[in-house]
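Chemist: This is the content of upload-v5.txt (compact mmCIF, C-alpha atoms):
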```txt
# COMPACT_ATOMS: atom_id res chain seq x y z
CA MET A 1 3.98 -34.28 76.52
CA LYS A 2 0.69 -32.44 76.86
CA HIS A 3 2.52 -29.11 76.37
CA LYS A 4 4.07 -30.33 73.04
CA HIS A 5 0.65 -31.48 71.82
CA ASN A 6 -0.91 -28.06 72.60
CA LEU A 7 1.96 -26.32 70.80
CA LYS A 8 1.51 -28.51 67.69
CA SER A 9 -2.24 -27.90 67.78
CA LYS A 10 -1.73 -24.11 67.97
CA ARG A 11 0.76 -24.19 65.06
CA LEU A 12 -1.66 -26.25 62.97
CA LYS A 13 -4.55 -23.86 63.77
CA THR A 14 -2.38 -20.83 62.93
CA LYS A 15 -1.26 -22.44 59.65
CA LEU A 16 -4.86 -23.30 58.71
CA LEU A 17 -6.06 -19.82 59.62
CA GLY A 18 -3.29 -18.29 57.47
CA GLU A 19 -4.22 -20.50 54.50
CA VAL A 20 -7.92 -19.66 54.85
CA LEU A 21 -7.16 -15.93 55.01
CA PHE A 22 -4.86 -16.18 51.99
CA LEU A 23 -7.52 -18.02 49.96
CA ALA A 24 -10.20 -15.53 51.00
CA PHE A 25 -7.93 -12.61 49.99
CA ALA A 26 -7.06 -14.23 46.63
CA PHE A 27 -10.74 -14.96 45.91
CA SER A 28 -11.77 -11.38 46.73
CA LEU A 29 -9.09 -10.01 44.36
CA SER A 30 -10.25 -12.23 41.49
CA THR A 31 -13.85 -11.20 42.11
CA LEU A 32 -12.95 -7.51 42.10
CA SER A 33 -11.02 -7.73 38.84
CA ALA A 34 -13.95 -9.54 37.15
CA GLN A 35 -16.24 -6.52 37.73
CA GLN A 36 -16.37 -4.44 34.56
CA ALA A 37 -18.93 -1.75 35.31
CA ILE A 38 -20.20 0.00 38.38
CA ILE A 39 -23.42 1.87 37.72
CA VAL A 40 -24.25 4.63 40.16
CA THR A 41 -27.64 5.49 38.69
CA GLY A 42 -29.57 5.49 35.42
CA GLY A 43 -32.99 5.39 33.87
CA ASP A 44 -35.17 6.55 31.01
CA VAL A 45 -36.36 10.08 30.33
CA SER A 46 -39.35 10.67 28.03
CA GLY A 47 -40.36 13.90 26.39
CA SER A 48 -41.99 15.24 23.26
CA GLY A 49 -38.92 14.34 21.19
CA GLY A 50 -38.77 10.70 22.28
CA THR A 51 -37.08 8.63 24.98
CA VAL A 52 -33.46 8.65 26.13
CA ALA A 53 -31.88 5.91 28.26
CA TYR A 54 -28.90 6.89 30.37
CA SER A 55 -26.49 5.52 32.96
CA ILE A 56 -23.99 7.23 35.22
CA GLY A 57 -20.88 5.42 36.37
CA GLN A 58 -20.09 3.15 33.42
CA ILE A 59 -16.34 2.70 33.44
CA ASP A 60 -15.72 0.20 30.67
CA TYR A 61 -16.98 -1.21 27.42
CA THR A 62 -15.33 -3.28 24.71
CA THR A 63 -15.67 -3.30 20.94
CA ASN A 64 -15.26 -6.45 18.85
CA THR A 65 -14.75 -6.13 15.09
CA SER A 66 -14.77 -8.78 12.36
CA ASP A 67 -15.40 -8.96 8.61
CA SER A 68 -19.15 -9.31 9.22
CA GLY A 69 -19.50 -6.22 11.44
CA THR A 70 -18.77 -4.50 14.74
CA ILE A 71 -20.43 -4.93 18.12
CA SER A 72 -19.87 -2.91 21.26
CA GLN A 73 -20.41 -4.63 24.58
CA GLY A 74 -21.09 -2.66 27.72
CA VAL A 75 -23.72 -1.63 30.16
CA GLN A 76 -25.29 1.16 28.08
CA GLN A 77 -24.73 1.69 24.37
CA ALA A 78 -25.47 4.76 22.29
CA PHE A 79 -28.49 4.53 20.00
CA GLU A 80 -27.67 5.64 16.48
CA ILE A 81 -30.26 7.43 14.37
CA TYR A 82 -29.70 7.35 10.64
CA THR A 83 -31.34 8.47 7.41
CA LEU A 84 -31.71 6.21 4.39
CA ASP A 85 -31.15 7.76 0.94
CA VAL A 86 -31.73 6.11 -2.43
CA LYS A 87 -31.42 7.63 -5.89
CA ASP A 88 -33.65 6.15 -8.62
CA PRO A 89 -31.94 6.55 -12.03
CA GLU A 90 -35.19 5.92 -13.98
CA LEU A 91 -37.14 8.73 -12.37
CA ASN A 92 -34.14 10.93 -11.51
CA ILE A 93 -35.39 11.33 -7.93
CA SER A 94 -33.77 10.77 -4.57
CA LEU A 95 -35.75 9.16 -1.73
CA SER A 96 -35.09 9.68 1.99
CA VAL A 97 -36.86 8.30 5.06
CA PHE A 98 -36.33 9.80 8.52
CA PRO A 99 -36.19 9.61 11.50
CA ASN A 100 -35.35 5.95 11.59
CA PRO A 101 -35.84 4.53 14.25
CA THR A 102 -39.00 6.50 14.96
CA THR A 103 -41.66 6.62 17.67
CA ASN A 104 -44.74 8.15 16.03
CA ASN A 105 -44.14 9.90 12.70
CA LEU A 106 -42.07 9.12 9.64
CA THR A 107 -41.16 11.51 6.82
CA LEU A 108 -40.67 10.30 3.26
CA GLN A 109 -38.80 12.97 1.35
CA ILE A 110 -38.40 12.98 -2.44
CA GLN A 111 -35.95 15.42 -4.00
CA ASN A 112 -36.66 16.48 -7.59
CA TYR A 113 -40.30 15.41 -7.19
CA LYS A 114 -42.40 16.17 -10.29
CA GLU A 115 -45.71 14.39 -9.67
CA GLU A 116 -44.44 10.94 -10.59
CA GLY A 117 -47.62 9.21 -9.40
CA LEU A 118 -46.12 7.30 -6.48
CA ALA A 119 -47.64 5.68 -3.40
CA TYR A 120 -46.30 4.04 -0.25
CA GLN A 121 -47.13 0.70 1.33
CA LEU A 122 -46.14 -0.26 4.88
CA TYR A 123 -45.78 -3.97 5.73
CA ASP A 124 -45.14 -5.80 9.01
CA LEU A 125 -42.61 -8.65 9.32
CA GLN A 126 -45.27 -11.22 8.39
CA GLY A 127 -45.81 -9.48 5.05
CA LYS A 128 -49.22 -8.04 5.97
CA MET A 129 -49.89 -4.55 4.61
CA VAL A 130 -50.71 -2.33 7.59
CA LYS A 131 -50.88 1.07 5.90
CA THR A 132 -50.94 2.59 2.42
CA GLY A 133 -51.24 6.07 0.98
CA ALA A 134 -50.55 8.36 -1.95
CA ILE A 135 -47.40 10.45 -2.26
CA SER A 136 -48.57 13.88 -3.31
CA GLY A 137 -45.54 16.07 -2.76
CA ALA A 138 -41.87 16.36 -1.98
CA GLU A 139 -42.55 15.42 1.67
CA THR A 140 -45.07 12.87 2.84
CA HIS A 141 -45.69 12.46 6.56
CA ILE A 142 -46.71 8.97 7.67
CA SER A 143 -48.25 8.52 11.12
CA LEU A 144 -47.18 5.32 12.91
CA GLY A 145 -48.72 6.21 16.26
CA ASN A 146 -51.38 3.47 16.12
CA LEU A 147 -48.84 0.73 15.29
CA SER A 148 -47.02 -1.37 17.86
CA SER A 149 -43.25 -1.19 18.36
CA ALA A 150 -41.72 -3.46 15.72
CA THR A 151 -39.81 -3.57 12.46
CA TYR A 152 -41.69 -2.66 9.30
CA PHE A 153 -40.92 -2.38 5.58
CA LEU A 154 -41.91 0.73 3.63
CA LYS A 155 -42.25 0.27 -0.13
CA VAL A 156 -42.48 3.14 -2.59
CA VAL A 157 -44.47 1.97 -5.62
CA GLU A 158 -46.04 3.36 -8.77
CA GLU A 159 -49.58 4.42 -7.91
CA ASN A 160 -51.12 2.88 -11.06
CA ASN A 161 -48.98 -0.28 -10.87
CA PRO A 162 -48.37 -1.24 -7.19
CA SER A 163 -46.44 -4.37 -8.17
CA ALA A 164 -43.73 -2.17 -9.74
CA TYR A 165 -41.97 -0.89 -6.67
CA LYS A 166 -39.27 1.75 -6.80
CA GLN A 167 -37.61 1.35 -3.42
CA SER A 168 -38.08 -0.30 -0.03
CA PHE A 169 -36.87 0.77 3.40
CA LYS A 170 -36.55 -1.07 6.70
CA ILE A 171 -38.27 1.00 9.41
CA ILE A 172 -37.85 0.50 13.16
CA LYS A 173 -40.68 1.80 15.35
CA ASN A 174 -39.97 2.12 19.06
```
As structure tokens - that is how I would like this structure written.
Modeler:
Amino acid sequence: MKHKHNLKSKRLKTKLLGEVLFLAFAFSLSTLSAQQAIIVTGGDVSGSGGTVAYSIGQIDYTTNTSDSGTISQGVQQAFEIYTLDVKDPELNISLSVFPNPTTNNLTLQIQNYKEEGLAYQLYDLQGKMVKTGAISGAETHISLGNLSSATYFLKVVEENNPSAYKQSFKIIKN
């Protein structure tokens, strides 16, 4: 009788051990498939031209698109730099602001500039004017070095009538 009890006990222990191992194996597989990115290394590099963030080892990212826009999800996303262009039919000029986003300096470029008597005004998100200046040529360089990293609005206005603005731009300072 004692021999039969030991045999049943061993079978039960073996069965339990098998079930525990199976569950552990199944759990480890589900955990492995949930991992979407393995980063080997990465960081930020700064130089005279700005800062670049990088990662090595990203294996996956997804992009979701809808009527309201597109978003890419992943460990590290590319940073897009763009130029804004606006053509004013009244003055027959074309305005451009670059680079945007910027770190220190911004260039306001006016094609077909003929001394229109324009000025710029830079506002923070609270609507406070943080900088102003005259536009005296086809290219006006605006220093943003003393401003904190934030979003600003640049308005191009008539110099003699600042309430009559010609164009506004959203500026991102990093």
Chemist: Between CA of Tyr152 (chain A) and CA of Met129 (chain A), what is the spacing in Å?
Modeler: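 If I compute the distance from CA of Met129 (chain A) to CA of Tyr152 (chain A), I get 9.6 Å.
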Chemist: Which one is closest to Leu122 (chain A): A:Ile135, A:Leu95, A:Leu108, A:Val156? Count only C-alpha atoms.
Modeler: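 The closest residue to Leu122 (chain A) is A:Val156.
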Chemist: Go through A:Lys15, A:Lys173, A:Lys166, A:Lys10 and flag the residue nearest Gly117 (chain A), using only C-alpha atoms for the distances.
Modeler: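 Closest to Gly117 (chain A), using only C-alpha atoms: A:Lys166.
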Chemist: Hey, can you check how far CA of Leu154 (chain A) sits from CA of Asn174 (chain A)?
Modeler: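 Computed distance, CA of Leu154 (chain A) to CA of Asn174 (chain A), equals 15.6 Å.
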Chemist: Report, in Å to a single decimal, how far apart CA of Asn100 (chain A) and CA of Glu116 (chain A) are.
Modeler: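 CA of Asn100 (chain A) lies at a distance of 24.5 Å from CA of Glu116 (chain A).
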Chemist: Calculated over all atoms listed in the file, which of the candidates A:Lys8, A:Ser94, A:Ile172, A:Asp124 has the smallest distance to Leu106 (chain A)?
Modeler: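 Once distances to Leu106 (chain A) are computed over all atoms listed in the file, the minimum belongs to A:Ile172.
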Chemist: Which of these, A:Gln126, A:Thr151, A:Thr140, A:Gln121, has the shortest distance to Ser96 (chain A) once you count all atoms listed in the file?
Modeler: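 Nearest to Ser96 (chain A): A:Thr140.
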Chemist: I'd like to know which of A:Gln111, A:Phe25, A:Pro162, A:Leu147 is closest to Gly133 (chain A), using all atoms listed in the file.
Modeler: A:Pro162
Chemist: Please work out which residues fall within 7 Å of (-45.8, 6.8, -9.0), coordinates as given in the file, with all atoms listed in the file counting, and return them as a list in words.
Modeler: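 With a cut-off of 7 Å, the residues come to Glu116, Gly117, Leu118, Ala119, Val157, Glu158, Glu159 and Asn160 of chain A.
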Chemist: Taking only C-alpha atoms into account, which of A:Ser168, A:Thr65, A:Ser9, A:Ser136 comes nearest Tyr123 (chain A)?
Modeler: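 Counting only C-alpha atoms, the residue closest to Tyr123 (chain A) is A:Ser168.
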